[in-house]
>>> print(open('coords-v4.tsv').read())   # TSV, C-alpha atoms
chain	number	residue	atom	x	y	z
A	157	MET	CA	67.36	43.37	32.50
A	158	LYS	CA	64.43	42.09	30.39
A	159	ARG	CA	61.58	44.58	30.10
A	160	ALA	CA	58.13	43.34	31.08
A	161	ASP	CA	56.88	43.67	27.49
A	162	ASP	CA	59.75	41.43	26.30
A	163	PHE	CA	58.50	38.46	28.31
A	164	ARG	CA	57.32	35.89	25.76
A	165	VAL	CA	55.13	32.84	26.24
A	166	THR	CA	54.57	30.50	23.29
A	167	ALA	CA	51.91	27.79	23.06
A	168	LEU	CA	52.87	24.75	20.99
A	169	VAL	CA	49.45	23.67	19.72
A	170	SER	CA	48.82	20.43	17.81
A	171	ALA	CA	45.57	19.86	15.92
A	172	TYR	CA	43.76	17.35	13.74
A	173	ASN	CA	40.31	18.19	12.36
A	174	GLU	CA	39.42	20.87	14.92
A	175	ALA	CA	37.97	23.42	12.48
A	176	ASP	CA	34.91	24.10	14.65
A	177	ILE	CA	36.97	25.26	17.65
A	178	ILE	CA	40.54	26.09	16.55
A	179	SER	CA	39.92	29.79	15.92
A	180	SER	CA	38.43	30.27	19.39
A	181	VAL	CA	41.37	28.45	20.99
A	182	ILE	CA	44.00	30.49	19.14
A	183	GLY	CA	42.08	33.72	19.72
A	184	HIS	CA	41.92	33.04	23.45
A	185	LEU	CA	45.67	32.50	23.64
A	186	VAL	CA	46.42	35.62	21.61
A	187	GLU	CA	44.06	37.70	23.75
A	188	ASN	CA	45.96	36.44	26.78
A	189	GLY	CA	49.28	37.64	25.40
A	190	VAL	CA	50.49	34.19	24.31
A	191	ASP	CA	52.11	33.49	20.92
A	192	VAL	CA	50.92	30.37	19.08
A	193	TYR	CA	52.80	27.88	16.92
A	194	LEU	CA	50.37	25.45	15.28
A	195	ILE	CA	51.34	21.91	14.26
A	196	ASP	CA	48.58	20.65	11.98
A	197	ASN	CA	48.60	16.85	11.71
A	198	ARG	CA	47.38	16.92	8.09
A	199	SER	CA	43.77	17.80	8.89
A	200	SER	CA	41.17	16.89	6.28
A	201	ASP	CA	38.72	19.63	7.30
A	202	ASP	CA	39.06	23.45	7.43
A	203	THR	CA	41.37	23.56	10.47
A	204	VAL	CA	44.22	25.24	8.55
A	205	ALA	CA	41.92	27.78	6.89
A	206	GLU	CA	40.26	28.71	10.20
A	207	ALA	CA	43.60	28.99	12.00
A	208	GLY	CA	45.10	30.99	9.14
A	209	ARG	CA	42.95	33.98	10.11
A	210	TRP	CA	45.37	34.52	13.01
A	211	LEU	CA	48.61	34.49	11.03
A	212	GLY	CA	50.48	37.71	11.74
A	213	LYS	CA	48.14	38.42	14.66
A	214	GLY	CA	49.76	36.20	17.27
A	215	LEU	CA	49.90	32.96	15.30
A	216	LEU	CA	53.58	32.56	14.41
A	217	LYS	CA	53.28	29.71	11.91
A	218	ILE	CA	51.19	26.79	10.70
A	219	GLU	CA	53.38	23.74	10.21
A	220	GLU	CA	52.00	20.80	8.25
A	221	PHE	CA	53.18	17.67	10.05
A	222	PRO	CA	54.56	15.32	8.99
A	223	GLU	CA	56.24	16.89	5.98
A	224	GLN	CA	55.02	14.09	3.75
A	225	GLY	CA	51.27	13.57	3.77
A	226	PRO	CA	49.53	10.22	3.19
A	227	ALA	CA	49.29	8.73	-0.26
A	228	GLU	CA	45.92	8.84	-1.96
A	229	GLY	CA	43.56	6.36	-0.37
A	230	GLU	CA	45.77	5.86	2.69
A	231	THR	CA	45.17	6.95	6.28
A	232	LEU	CA	47.85	8.86	8.15
A	233	PRO	CA	48.67	7.16	11.48
A	234	PHE	CA	48.27	9.25	14.61
A	235	ASP	CA	51.93	9.30	15.68
A	236	TRP	CA	51.72	11.11	19.01
A	237	THR	CA	55.36	10.29	19.79
A	238	ALA	CA	56.53	12.11	16.67
A	239	ILE	CA	54.35	15.14	17.49
A	240	LEU	CA	55.78	15.31	21.02
A	241	GLN	CA	59.31	15.02	19.65
A	242	ARG	CA	58.58	17.91	17.29
A	243	LYS	CA	57.39	19.99	20.23
A	244	GLU	CA	60.60	19.17	22.09
A	245	GLU	CA	62.54	20.43	19.07
A	246	LEU	CA	60.50	23.63	18.86
A	247	ALA	CA	61.07	24.28	22.57
A	248	ARG	CA	64.79	24.33	21.79
A	249	GLU	CA	64.48	26.46	18.65
A	250	LEU	CA	61.88	29.15	19.37
A	251	PRO	CA	62.87	32.29	21.32
A	252	ALA	CA	60.40	32.17	24.21
A	253	ASP	CA	60.73	32.55	27.97
A	254	TRP	CA	58.03	29.96	28.70
A	255	PHE	CA	56.28	27.28	26.66
A	256	LEU	CA	52.87	25.63	26.84
A	257	HIS	CA	52.29	22.10	25.55
A	258	HIS	CA	48.76	22.78	24.32
A	259	ASP	CA	45.95	20.85	22.62
A	260	ALA	CA	43.47	22.29	20.13
A	261	ASP	CA	40.36	21.59	22.23
A	262	GLU	CA	41.27	23.33	25.48
A	263	PHE	CA	41.46	26.76	27.06
A	264	ARG	CA	44.12	27.63	29.65
A	265	GLU	CA	43.49	30.37	32.21
A	266	ALA	CA	45.20	31.92	35.20
A	267	PRO	CA	43.65	31.11	38.60
A	268	PHE	CA	43.73	34.79	39.54
A	269	PRO	CA	40.57	36.72	38.50
A	270	GLY	CA	41.12	39.32	35.80
A	271	MET	CA	44.73	38.31	35.14
A	272	LYS	CA	45.89	37.36	31.65
A	273	LEU	CA	47.62	34.02	31.21
A	274	ARG	CA	50.89	35.60	30.07
A	275	ASP	CA	50.97	38.03	33.01
A	276	ALA	CA	50.23	35.24	35.51
A	277	ILE	CA	53.03	33.10	34.08
A	278	GLU	CA	55.41	36.05	34.30
A	279	TRP	CA	54.45	36.53	37.96
A	280	VAL	CA	55.10	32.83	38.63
A	281	ASP	CA	58.48	33.25	36.92
A	282	ARG	CA	59.38	36.21	39.15
A	283	LEU	CA	58.58	34.10	42.23
A	284	GLY	CA	61.24	31.62	41.16
A	285	TYR	CA	59.10	28.74	39.87
A	286	ASN	CA	59.72	27.10	36.50
A	287	CYS	CA	56.74	24.76	36.04
A	288	ILE	CA	52.95	25.06	36.26
A	289	ASP	CA	50.35	22.33	36.78
A	290	PHE	CA	46.77	22.63	35.49
A	291	ARG	CA	43.45	21.61	37.05
A	292	VAL	CA	41.32	19.93	34.36
A	293	PHE	CA	37.62	20.72	33.95
A	294	ASN	CA	36.03	18.40	31.35
A	295	PHE	CA	32.92	19.75	29.61
A	296	PRO	CA	30.89	17.00	27.90
A	297	PRO	CA	28.02	17.95	25.58
A	298	THR	CA	24.54	17.93	27.06
A	299	ASP	CA	22.79	18.79	23.79
A	300	ASP	CA	23.44	18.94	20.03
A	301	ARG	CA	23.21	22.71	19.63
A	302	PHE	CA	26.88	23.76	19.58
A	303	GLN	CA	27.63	25.84	16.48
A	304	ALA	CA	31.00	25.57	14.74
A	305	GLY	CA	33.07	28.71	15.25
A	306	SER	CA	31.29	29.80	18.44
A	307	ASP	CA	32.98	30.05	21.81
A	308	PRO	CA	32.54	26.70	23.62
A	309	ARG	CA	33.02	28.41	26.99
A	310	LYS	CA	29.68	30.16	26.48
A	311	HIS	CA	27.81	27.10	25.26
A	312	PHE	CA	29.02	24.33	27.61
A	313	GLN	CA	27.96	25.08	31.18
A	314	TYR	CA	28.43	21.75	32.98
A	315	TRP	CA	31.66	19.96	33.85
A	316	GLU	CA	33.00	16.77	35.38
A	317	GLU	CA	36.30	15.62	36.83
A	318	ALA	CA	38.96	14.32	34.47
A	319	ALA	CA	39.80	10.62	34.50
A	320	GLU	CA	42.66	9.66	36.80
A	321	PHE	CA	45.09	9.17	33.90
A	322	ASP	CA	44.42	12.71	32.69
A	323	ARG	CA	44.77	14.67	35.93
A	324	ARG	CA	48.51	15.26	35.88
A	325	GLN	CA	48.99	18.29	33.64
A	326	LEU	CA	52.52	19.65	34.13
A	327	LYS	CA	52.46	21.27	30.70
A	328	ALA	CA	53.86	24.79	31.16
A	329	TRP	CA	57.55	25.36	31.75
A	330	LYS	CA	60.26	27.97	31.76
A	331	ASN	CA	62.77	27.69	28.93
A	332	PRO	CA	65.88	26.19	30.61
A	333	GLY	CA	68.11	26.79	27.59
A	334	ARG	CA	68.57	23.04	27.20
A	335	PRO	CA	66.46	20.10	25.97
A	336	VAL	CA	63.29	19.09	27.80
A	337	SER	CA	61.32	15.86	27.48
A	338	LEU	CA	57.64	15.23	26.76
A	339	VAL	CA	57.70	11.74	25.24
A	340	PRO	CA	58.34	9.61	28.39
A	341	SER	CA	55.12	10.79	30.04
A	342	GLY	CA	53.05	10.88	26.86
A	343	GLY	CA	53.00	14.66	27.17
A	344	HIS	CA	51.48	14.84	30.64
A	345	ASP	CA	54.61	15.69	32.61
A	346	ILE	CA	57.42	17.91	31.35
A	347	GLY	CA	60.89	16.58	32.02
A	348	LEU	CA	62.72	19.68	33.23
A	349	PRO	CA	66.03	20.21	35.08
A	350	ALA	CA	65.66	21.40	38.71
A	351	ARG	CA	61.88	21.56	38.43
A	352	ARG	CA	60.01	23.85	40.85
A	353	ILE	CA	56.22	23.52	40.49
A	354	PHE	CA	54.03	26.51	41.37
A	355	PRO	CA	51.75	25.39	44.26
A	356	ILE	CA	48.49	26.77	42.82
A	357	PRO	CA	47.32	25.00	39.63
A	358	PHE	CA	46.08	27.03	36.68
A	359	LEU	CA	42.76	26.26	34.95
A	360	LEU	CA	42.34	23.99	31.91
A	361	ARG	CA	38.87	23.91	30.36
A	362	HIS	CA	38.67	20.85	28.11
A	363	TYR	CA	36.12	20.30	25.28
A	364	PRO	CA	37.08	17.00	23.61
A	365	ILE	CA	33.56	16.15	22.35
A	366	ARG	CA	31.17	18.88	21.22
A	367	SER	CA	28.08	16.94	20.06
A	368	GLN	CA	26.74	13.48	19.30
A	369	THR	CA	27.78	13.75	15.65
A	370	HIS	CA	31.20	15.11	16.52
A	371	GLY	CA	31.77	12.34	19.07
A	372	ARG	CA	31.01	9.56	16.59
A	373	ARG	CA	33.19	11.11	13.91
A	374	LYS	CA	36.12	11.88	16.20
A	375	VAL	CA	36.22	8.54	18.04
A	376	PHE	CA	35.47	6.11	15.22
A	377	ALA	CA	36.64	7.88	12.04
A	378	GLU	CA	39.41	10.23	13.19
A	379	ARG	CA	41.06	8.62	16.21
A	380	ARG	CA	40.64	4.92	16.96
A	381	GLY	CA	41.78	3.53	13.63
A	382	ARG	CA	44.83	5.80	13.55
A	383	PHE	CA	46.45	4.89	16.90
A	384	THR	CA	49.74	3.02	16.56
A	385	ASP	CA	50.26	-0.39	18.17
A	386	ARG	CA	53.44	0.71	19.95
A	387	GLU	CA	51.66	3.61	21.65
A	388	ARG	CA	48.67	1.47	22.59
A	389	ALA	CA	51.13	-1.00	24.14
A	390	ARG	CA	52.34	1.86	26.36
A	391	ARG	CA	48.74	2.37	27.59
A	392	TRP	CA	48.35	5.61	25.67
A	393	HIS	CA	45.05	6.70	24.04
A	394	ILE	CA	42.86	4.78	26.50
A	395	GLN	CA	40.30	7.58	26.84
A	396	TYR	CA	37.95	5.94	24.31
A	397	ASP	CA	38.28	2.32	25.46
A	398	THR	CA	34.90	2.34	27.23
A	399	ILE	CA	33.06	3.42	24.06
A	400	ALA	CA	31.80	0.20	22.52
A	401	ASP	CA	30.26	1.16	19.18
A	402	GLY	CA	28.61	3.87	17.12
A	403	GLN	CA	25.43	3.64	19.19
A	404	HIS	CA	27.23	5.15	22.18
A	405	ASP	CA	25.44	8.17	23.66
A	406	PHE	CA	27.93	11.04	23.87
A	407	LEU	CA	25.40	13.42	25.45
A	408	ALA	CA	25.72	13.64	29.23
A	409	ASP	CA	22.95	14.17	31.76
A	410	PRO	CA	23.38	17.64	33.35
A	411	ALA	CA	22.03	16.22	36.63
A	412	ARG	CA	25.23	14.22	37.14
A	413	LEU	CA	27.48	17.16	36.25
A	414	ARG	CA	28.47	20.27	38.13
A	415	PRO	CA	27.41	23.72	36.88
A	416	TYR	CA	30.48	25.77	36.06
A	417	ASP	CA	30.90	28.81	38.30
A	418	ASP	CA	34.04	30.73	37.34
A	419	GLU	CA	34.42	32.51	40.67
A	420	GLN	CA	33.73	29.37	42.69
A	421	VAL	CA	36.29	27.19	40.94
A	422	ARG	CA	38.94	29.89	41.30
A	423	LEU	CA	38.14	30.20	44.99
A	424	GLU	CA	38.48	26.43	45.40
A	425	LEU	CA	41.91	26.53	43.76
A	426	MET	CA	42.96	29.25	46.20
A	427	LEU	CA	41.54	27.57	49.30
A	428	ALA	CA	43.13	24.20	48.49
A	429	ASN	CA	46.30	25.49	50.14
A	430	GLU	CA	48.74	24.37	52.81
A	431	ILE	CA	46.44	25.29	55.74
A	432	THR	CA	43.66	23.00	54.52
A	433	ARG	CA	46.08	20.22	53.63
A	434	TRP	CA	47.74	20.55	57.07
A	435	ALA	CA	44.42	20.22	58.89
A	436	GLU	CA	43.43	17.18	56.83
A	437	TYR	CA	46.85	15.62	57.42
A	438	GLN	CA	46.59	16.18	61.18
A	439	ALA	CA	43.11	14.65	61.22
A	440	ARG	CA	44.35	11.58	59.36
A	441	GLU	CA	47.32	11.20	61.72
A	442	LEU	CA	45.04	11.55	64.74
A	443	ARG	CA	42.64	8.93	63.41
A	444	ALA	CA	45.55	6.55	62.85
A	445	SER	CA	46.76	7.21	66.41
A	446	LEU	CA	43.27	6.56	67.78
A	447	ASP	CA	43.05	3.30	65.85
A	448	ALA	CA	46.40	2.20	67.32
A	449	ARG	CA	45.25	3.15	70.84
A	450	ASP	CA	41.99	1.26	70.34
A	451	LYS	CA	43.91	-1.84	69.27
A	452	GLU	CA	46.19	-1.57	72.31
A	453	LEU	CA	43.22	-1.11	74.65
A	454	THR	CA	41.52	-4.17	73.14
A	455	GLU	CA	44.66	-6.24	73.71
A	456	LEU	CA	44.99	-4.95	77.30
A	457	ARG	CA	41.36	-5.74	78.07
A	458	ALA	CA	41.86	-9.28	76.74
A	459	ALA	CA	44.98	-9.65	78.88
A	460	LYS	CA	43.10	-8.29	81.89
A	461	GLU	CA	40.27	-10.80	81.38
A	462	ALA	CA	42.76	-13.67	81.06
A	463	LEU	CA	44.57	-12.48	84.21
A	464	SER	CA	41.31	-12.19	86.14
A	465	LYS	CA	40.40	-15.71	85.10
A	466	THR	CA	43.79	-16.96	86.31
A	467	VAL	CA	43.32	-15.18	89.67
A	468	GLU	CA	39.91	-16.77	90.04
A	469	GLU	CA	41.36	-20.19	89.27
A	470	VAL	CA	44.16	-19.66	91.81
A	471	SER	CA	41.60	-18.54	94.40
A	472	VAL	CA	39.68	-21.74	93.84
A	473	LEU	CA	42.90	-23.74	94.31
A	474	ARG	CA	43.66	-21.83	97.53
A	475	HIS	CA	40.31	-22.77	98.98
A	476	ARG	CA	40.79	-26.36	97.92
A	477	ALA	CA	44.41	-26.85	98.91
A	478	GLY	CA	44.52	-24.63	101.96
A	479	ALA	CA	46.78	-21.73	102.72
A	480	LEU	CA	49.83	-22.68	100.68
A	481	ASP	CA	52.56	-20.06	100.77
A	482	ALA	CA	53.53	-20.56	97.16
A	483	ALA	CA	49.94	-20.16	96.00
A	484	GLU	CA	49.50	-17.05	98.13
A	485	GLN	CA	52.66	-15.54	96.74
A	486	ARG	CA	51.50	-16.31	93.23
A	487	VAL	CA	48.11	-14.80	93.90
A	488	ALA	CA	49.76	-11.70	95.38
A	489	GLU	CA	51.97	-11.33	92.33
A	490	LEU	CA	49.04	-11.78	89.99
A	491	GLU	CA	46.99	-9.27	91.94
A	492	ARG	CA	49.80	-6.73	91.80
A	493	ALA	CA	50.13	-7.36	88.07
A	494	LEU	CA	46.38	-6.95	87.73
A	495	GLY	CA	46.56	-3.68	89.62
A	496	ARG	CA	49.31	-2.43	87.29
A	497	GLU	CA	47.33	-3.44	84.20
A	498	GLU	CA	44.23	-1.72	85.57
A	499	GLY	CA	46.26	1.44	86.12
A	500	ARG	CA	47.69	1.22	82.60
A	501	THR	CA	44.21	0.66	81.19
A	502	LYS	CA	42.86	3.74	82.96
A	503	GLU	CA	45.81	5.79	81.74
A	504	LEU	CA	45.23	4.67	78.14
A	505	GLU	CA	41.50	5.38	78.42
A	506	ARG	CA	42.24	8.90	79.66
A	507	GLU	CA	44.71	9.37	76.79
A	508	ARG	CA	42.15	8.10	74.30
A	509	ALA	CA	39.57	10.57	75.64
A	510	ARG	CA	42.05	13.40	75.14
A	511	LEU	CA	42.86	12.25	71.59
A	512	GLU	CA	39.15	11.87	70.80
A	513	GLU	CA	38.56	15.45	71.92
A	514	ARG	CA	41.45	16.64	69.70
A	515	ARG	CA	40.03	14.65	66.76
A	516	ARG	CA	36.59	16.26	67.17
A	517	ASP	CA	38.17	19.72	67.28
A	518	LEU	CA	40.15	19.06	64.08
A	519	GLU	CA	37.14	17.62	62.27
A	520	ILE	CA	35.14	20.72	63.23
A	521	GLN	CA	37.95	22.86	61.74
A	522	VAL	CA	38.06	20.82	58.54
A	523	GLU	CA	34.24	20.89	58.20
A	524	ALA	CA	34.30	24.66	58.69
A	525	LEU	CA	36.91	25.01	55.94
A	526	LEU	CA	34.89	22.79	53.59
A	527	ARG	CA	31.69	24.78	54.29
A	528	GLU	CA	33.57	27.96	53.53
A	529	LEU	CA	34.85	26.34	50.35
A	530	ALA	CA	31.33	25.42	49.25
A	531	SER	CA	29.64	28.72	50.13
A	532	ALA	CA	32.22	31.44	49.76
A	533	ARG	CA	31.13	32.60	46.30
A	534	GLY	CA	31.98	36.27	45.80
A	535	VAL	CA	34.75	36.38	48.38
A	536	PRO	CA	37.55	38.71	47.11
A	537	SER	CA	40.76	36.92	46.10
A	538	ARG	CA	43.68	37.14	48.48
A	539	ASP	CA	46.65	39.37	47.71
A	540	PRO	CA	49.24	36.85	46.32
A	541	ASP	CA	52.00	38.72	48.17
A	542	SER	CA	50.27	38.50	51.54
>>> encode(input="coords-v4.tsv", output="structure tokens")
Amino acid sequence: MKRADDFRVTALVSAYNEADIISSVIGHLVENGVDVYLIDNRSSDDTVAEAGRWLGKGLLKIEEFPEQGPAEGETLPFDWTAILQRKEELARELPADWFLHHDADEFREAPFPGMKLRDAIEWVDRLGYNCIDFRVFNFPPTDDRFQAGSDPRKHFQYWEEAAEFDRRQLKAWKNPGRPVSLVPSGGHDIGLPARRIFPIPFLLRHYPIRSQTHGRRKVFAERRGRFTDRERARRWHIQYDTIADGQHDFLADPARLRPYDDEQVRLELMLANEITRWAEYQARELRASLDARDKELTELRAAKEALSKTVEEVSVLRHRAGALDAAEQRVAELERALGREEGRTKELERERARLEERRRDLEIQVEALLRELASARGVPSRDPDS
């Protein structure tokens, strides 16, 4: 049986010109018990030198990729497909129990307070899961004071939701002993045999832009002109499409962002569980049922009005034509039908009242859960085995 200290997690990190942050990213992974394999996409800054400080201290290797760099005066294309294929190869070659498909501007954390990333992944493994999703927290710059080499988690204090195309983050997986696929999803969704996703997402703090100067350089000099046509045709690399020109303001207004509270976001991840989802599902189903009942009641009321009008017309004919047996029989039938419809209407109205009461009860439960979610800062985490 594998000893606990033999459990190995390896992060496959790719980087291009991330000298200001790469050491903090690697250091965080190493401190969390995760080995690092760095694929440097021929950076032109000090990324390799900064990362090299961790060689032999948790950083397994720095691989220059591709093997052949650009000729003098040429620009190396950003071939994301080739980088993903290289990560697929490494996932077959390296001796690790789990892998992380990792970028050089992000920090991954366990959702459980005080638990290292490696230990949390090992616990997930023991529970029988083989894939982990991540909840993205994007931290845009709100000022120009970030210092290269400092920890971005201490400087950036406000976050926003990731764009829809960036929310799926199935990027940690158990080594299945066979090939996996990253290319089809552009790296967002690991192709894994018999995938079992852990129900609680882990945290991913993302720092793609660190200042106004960094944003202009990264978007216009280091990224946009290097994207390949075939990848753009696949709708990859669309994150900068809304940035028109170099006059774009990369600094965000803190008033439209959410202050980062480590305990609060972890609590939210825990509370977004099956109980909450069940209550919300029941409320949606009940609303749909009420809408259907309302539609049926509307149709019955219209039918009742039409029937009442017909009865009135028949009554007029009776008075005009005298006591005709056929007319009386028709009136009697219509009146009986009207009586049945009135009974059905009352029954539906009683049923609607009962459903409305159930809906109010469920909404009160959901609102109570949401209030707890918003105000439960400092609540101790639940025992994962309970």
>>> closest_residue(input="coords-v4.tsv", among="A:Tyr363, A:Trp236, A:Trp329, A:Phe268", to="Gly347 in chain A", atoms="all atoms listed in the file")
A:Trp329
>>> residues_around(input="coords-v4.tsv", residues="Pro308 in chain A", least_positions_apart="5", cutoff="10 Å", atoms="only C-alpha atoms", output="JSON, numbers by chain")
{"A": [176, 177, 180, 181, 261, 262, 263, 295, 302, 303, 313, 361, 362, 363, 366]}
>>> closest_residue(input="coords-v4.tsv", among="A:His258, A:Arg373, A:Arg386, A:Ile239", to="Leu326 in chain A", atoms="only C-alpha atoms")
A:His258
>>> residues_around(input="coords-v4.tsv", residues="Lys460 in chain A", least_positions_apart="6", cutoff="9 Å", atoms="all atoms listed in the file", output="PyMOL selection string")
chain A and resi 494+497-498
>>> closest_residue(input="coords-v4.tsv", among="A:Leu504, A:Leu427, A:Val336, A:Ile182", to="Glu455 in chain A", atoms="only C-alpha atoms")
A:Leu504
>>> atom_distance(input="coords-v4.tsv", atom1="CA of Phe255 in chain A", atom2="CA of Arg164 in chain A")
8.7 Å
>>> closest_residue(input="coords-v4.tsv", among="A:Ala252, A:Leu407, A:Leu359, A:Ile277", to="Phe312 in chain A", atoms="all atoms listed in the file")
A:Leu407
>>> closest_residue(input="coords-v4.tsv", among="A:Val165, A:Ala350, A:Leu529, A:Ala238", to="Ala276 in chain A", atoms="all atoms listed in the file")
A:Val165
>>> closest_residue(input="coords-v4.tsv", among="A:Thr231, A:Gln368, A:Ser179, A:Thr166", to="Arg198 in chain A", atoms="all atoms listed in the file")
A:Thr231
>>> residues_around(input="coords-v4.tsv", residues="Glu265 in chain A", least_positions_apart="2", cutoff="12 Å", atoms="only C-alpha atoms", output="ChimeraX atom specification")
/A:181,184-185,187-190,256,262-263,267-277,288-293,309,328,357-362,418,421-422
>>> atom_distance(input="coords-v4.tsv", atom1="CA of Ala482 in chain A", atom2="CA of Glu469 in chain A")
14.5 Å
>>> residues_around(input="coords-v4.tsv", residues="Ala400 in chain A", least_positions_apart="6", cutoff="12 Å", atoms="all atoms listed in the file", output="PyMOL selection string")
chain A and resi 372+375-376+380+406
>>> residues_near_point(input="coords-v4.tsv", point="(52.9, 28.1, 15.3)", cutoff="7 Å", atoms="all atoms listed in the file", output="NGL selection string")
:A and (168 or 192-195 or 215-219)
>>> atom_distance(input="coords-v4.tsv", atom1="CA of Arg379 in chain A", atom2="CA of Ala247 in chain A")
26.2 Å
>>> residues_around(input="coords-v4.tsv", residues="Phe234 in chain A", least_positions_apart="2", cutoff="7 Å", atoms="all atoms listed in the file", output="VMD selection string")
chain A and resid 232 236 382 to 384
>>> decode(input="coords-v4.tsv", residues="range 365-406 of chain A", atoms="C-alpha atoms", output="mmCIF file, in the first residue's frame")
data_model
loop_
_atom_site.group_PDB
_atom_site.id
_atom_site.type_symbol
_atom_site.label_atom_id
_atom_site.label_comp_id
_atom_site.auth_asym_id
_atom_site.auth_seq_id
_atom_site.Cartn_x
_atom_site.Cartn_y
_atom_site.Cartn_z
ATOM 1 C CA ILE A 365 -3.419 41.678 -15.431
ATOM 2 C CA ARG A 366 -1.377 43.295 -12.661
ATOM 3 C CA SER A 367 -1.259 46.983 -13.680
ATOM 4 C CA GLN A 368 -2.044 49.420 -16.480
ATOM 5 C CA THR A 369 1.445 49.031 -17.954
ATOM 6 C CA HIS A 370 1.358 45.258 -17.656
ATOM 7 C CA GLY A 371 -2.071 45.092 -19.299
ATOM 8 C CA ARG A 372 -0.983 47.096 -22.340
ATOM 9 C CA ARG A 373 2.193 45.073 -22.754
ATOM 10 C CA LYS A 374 0.548 41.683 -22.267
ATOM 11 C CA VAL A 375 -2.480 42.255 -24.500
ATOM 12 C CA PHE A 376 -0.941 44.207 -27.376
ATOM 13 C CA ALA A 377 2.728 43.147 -27.432
ATOM 14 C CA GLU A 378 2.773 39.640 -25.951
ATOM 15 C CA ARG A 379 -0.563 38.032 -26.796
ATOM 16 C CA ARG A 380 -2.782 39.406 -29.558
ATOM 17 C CA GLY A 381 -0.265 39.361 -32.380
ATOM 18 C CA ARG A 382 0.875 35.829 -31.518
ATOM 19 C CA PHE A 383 -2.478 33.982 -31.630
ATOM 20 C CA THR A 384 -2.782 31.532 -34.517
ATOM 21 C CA ASP A 385 -5.621 31.778 -37.039
ATOM 22 C CA ARG A 386 -6.652 28.143 -36.542
ATOM 23 C CA GLU A 387 -7.091 28.635 -32.795
ATOM 24 C CA ARG A 388 -8.961 31.899 -33.246
ATOM 25 C CA ALA A 389 -11.270 30.058 -35.659
ATOM 26 C CA ARG A 390 -12.073 27.670 -32.800
ATOM 27 C CA ARG A 391 -13.149 30.664 -30.651
ATOM 28 C CA TRP A 392 -10.088 30.393 -28.431
ATOM 29 C CA HIS A 393 -8.311 33.455 -26.944
ATOM 30 C CA ILE A 394 -11.432 35.632 -26.925
ATOM 31 C CA GLN A 395 -10.716 37.127 -23.497
ATOM 32 C CA TYR A 396 -9.186 40.282 -25.025
ATOM 33 C CA ASP A 397 -11.705 40.854 -27.835
ATOM 34 C CA THR A 398 -13.459 43.691 -25.989
ATOM 35 C CA ILE A 399 -10.206 45.661 -25.583
ATOM 36 C CA ALA A 400 -10.176 48.091 -28.487
ATOM 37 C CA ASP A 401 -6.817 49.853 -28.355
ATOM 38 C CA GLY A 402 -3.902 50.956 -26.211
ATOM 39 C CA GLN A 403 -6.026 53.623 -24.539
ATOM 40 C CA HIS A 404 -8.051 50.942 -22.755
ATOM 41 C CA ASP A 405 -8.250 51.443 -18.982
ATOM 42 C CA PHE A 406 -7.149 48.210 -17.299
#
